[in-house]
Amino acid sequence: VVILVEPPLAEDQITQASSAPSRRPPPPPATPEGAGSPSAMELQRVAEVLLKASVPAEKAALIAAQLTGSSVEESHRVVAVVGGAGPVTEGPGDGVNTASCTLHLVHMGIHVGTEQIAAALVAIGAPSGNIGVGESHRGERIGFVRYPSPKVASDARALINVSNIILGSNRPVLANWARR
């Protein structure tokens with residue numbers, strides 16, 4: 001068994017050792033921010049992964065901004081585009097609870113999609129808003145419609161509930177407030 005013991009470094013050798021270049025690869029050359037830049041592509045990939053993992057868009061934008069070092073505004077824009085909503089032009093204002101702007105729709109048929117809901121809302125004169133469709137814990141088809149303000153959501157709720165919309169079910173669609 002051979003044990004090698006090195007003598008301690010002198011004071012000037014310590015400063016030289018600490019200022020020696022690290023073995024990390026050099027950073028990539030700086031490129032302007034744009035559609036083809038590595039950071040924009042990275043932001044898009046992060047947004048896709050987060051949205052695919054069912055992270056809410058608001059949280060996905062903040063997480064993507066933190067992970068990529070991009071601005072929050074830019075990450076919100078990219079998350080909206082990646083999520084299929086297009087550029088965000090209007091939404092609940094600052095301090096507005098999104099549940100107060102979102103309607104929960106029930107009593108829909110199993111084959112009802114966002115297009116049918118949008119067409120039914122337009123037919124009764126209600127704005128279509130941002131529509132999502134899913135299944136409840138009981139396997140029933142449910143929908144969510146998010147509006148830009150509580151006032152618009154309240155007006156749409158009243159129109160839906162008095163219009164007796166039938167969408168693939170025996171009962172009329174009922175709109176109520178979403179919980180969150």
# chains A, B, ... in the order shown; residues from 1 in each chain; ligands from 1
>>> residues_around(residues="Ala120 of chain A", least_positions_apart="5", cutoff="9 Å", atoms="only C-alpha atoms", output="ChimeraX atom specification")
/A:115,125-126,128,165-167
>>> closest_atom_pairs(of="segment 54-151 of chain A", to="segment 38-47 of chain A", cutoff="8 Å", atoms="only C-alpha atoms", output="tab-separated table")
residue	atom	partner	partner_atom	distance
A:Ala60	CA	A:Ala47	CA	6.4
A:Ala61	CA	A:Ala47	CA	7.1
A:Ala64	CA	A:Val46	CA	5.9
A:Ala65	CA	A:Leu43	CA	7.6
A:Thr68	CA	A:Leu43	CA	6.0
A:Ser70	CA	A:Leu43	CA	7.6
A:Ser75	CA	A:Leu43	CA	7.0
A:Val78	CA	A:Gln44	CA	6.4
A:Val79	CA	A:Ala47	CA	5.6
A:Val82	CA	A:Ala47	CA	7.0
>>> write_last_selection(atoms="N, CA, C and O atoms", output="CSV table (one decimal), in the first residue's frame")
chain,number,residue,atom,x,y,z
A,60,ALA,N,-47.4,27.9,-14.5
A,60,ALA,CA,-46.4,27.5,-15.5
A,60,ALA,C,-45.6,28.6,-16.0
A,60,ALA,O,-44.4,28.5,-16.2
A,61,ALA,N,-46.2,29.8,-16.2
A,61,ALA,CA,-45.5,31.0,-16.7
A,61,ALA,C,-44.5,31.4,-15.7
A,61,ALA,O,-43.4,31.8,-16.0
A,64,ALA,N,-41.6,28.8,-15.5
A,64,ALA,CA,-40.8,28.9,-16.7
A,64,ALA,C,-39.9,30.1,-16.7
A,64,ALA,O,-38.7,30.1,-17.1
A,65,ALA,N,-40.4,31.2,-16.2
A,65,ALA,CA,-39.6,32.5,-16.1
A,65,ALA,C,-38.5,32.2,-15.1
A,65,ALA,O,-37.3,32.6,-15.3
A,68,THR,N,-35.8,29.6,-16.7
A,68,THR,CA,-35.1,30.1,-17.9
A,68,THR,C,-34.4,31.4,-17.7
A,68,THR,O,-33.6,31.8,-18.6
A,70,SER,N,-36.0,34.2,-18.1
A,70,SER,CA,-36.6,35.2,-19.0
A,70,SER,C,-37.6,36.0,-18.1
A,70,SER,O,-37.9,35.7,-17.0
A,75,SER,N,-42.7,35.0,-20.5
A,75,SER,CA,-43.1,33.6,-20.3
A,75,SER,C,-44.6,33.5,-20.3
A,75,SER,O,-45.1,32.4,-20.8
A,78,VAL,N,-45.5,33.2,-24.0
A,78,VAL,CA,-45.1,31.9,-24.6
A,78,VAL,C,-46.0,30.8,-24.1
A,78,VAL,O,-46.5,29.9,-24.8
A,79,VAL,N,-46.4,30.8,-22.8
A,79,VAL,CA,-47.3,29.8,-22.2
A,79,VAL,C,-48.6,29.9,-22.9
A,79,VAL,O,-49.3,28.9,-23.2
A,82,VAL,N,-48.2,28.5,-26.4
A,82,VAL,CA,-48.0,27.0,-26.4
A,82,VAL,C,-49.2,26.3,-26.0
A,82,VAL,O,-49.6,25.2,-26.5
>>> closest_residue(among="A:Ala178, A:Leu62, A:Leu159, A:Val173", to="Pro127 of chain A", atoms="only C-alpha atoms")
A:Leu159
>>> closest_residue(among="A:Ile63, A:Ala153, A:Val55, A:Ala80", to="Ala99 of chain A", atoms="only C-alpha atoms")
A:Ala153
>>> residues_around(residues="segment 142-151 of chain A", least_positions_apart="5", cutoff="8 Å", atoms="only C-alpha atoms", output="list of chain:residue names")
A:Glu90, A:Gly91, A:Pro92, A:Gly93, A:Val96, A:Thr98, A:Ser100, A:Cys101, A:Thr102, A:Leu103, A:His104, A:Leu105, A:Val106, A:His107, A:Met108, A:Ser128, A:Gly129, A:Asn130, A:Ile131, A:Gly132, A:Val133, A:Gly134, A:Glu135, A:Ser136, A:Ala178
>>> atom_distance(atom1="atom CA of Arg157 of chain A", atom2="atom CA of Arg77 of chain A")
28.5 Å
>>> closest_residue(among="A:Pro172, A:Gln66, A:Val72, A:Ser154", to="Gly109 of chain A", atoms="only C-alpha atoms")
A:Pro172
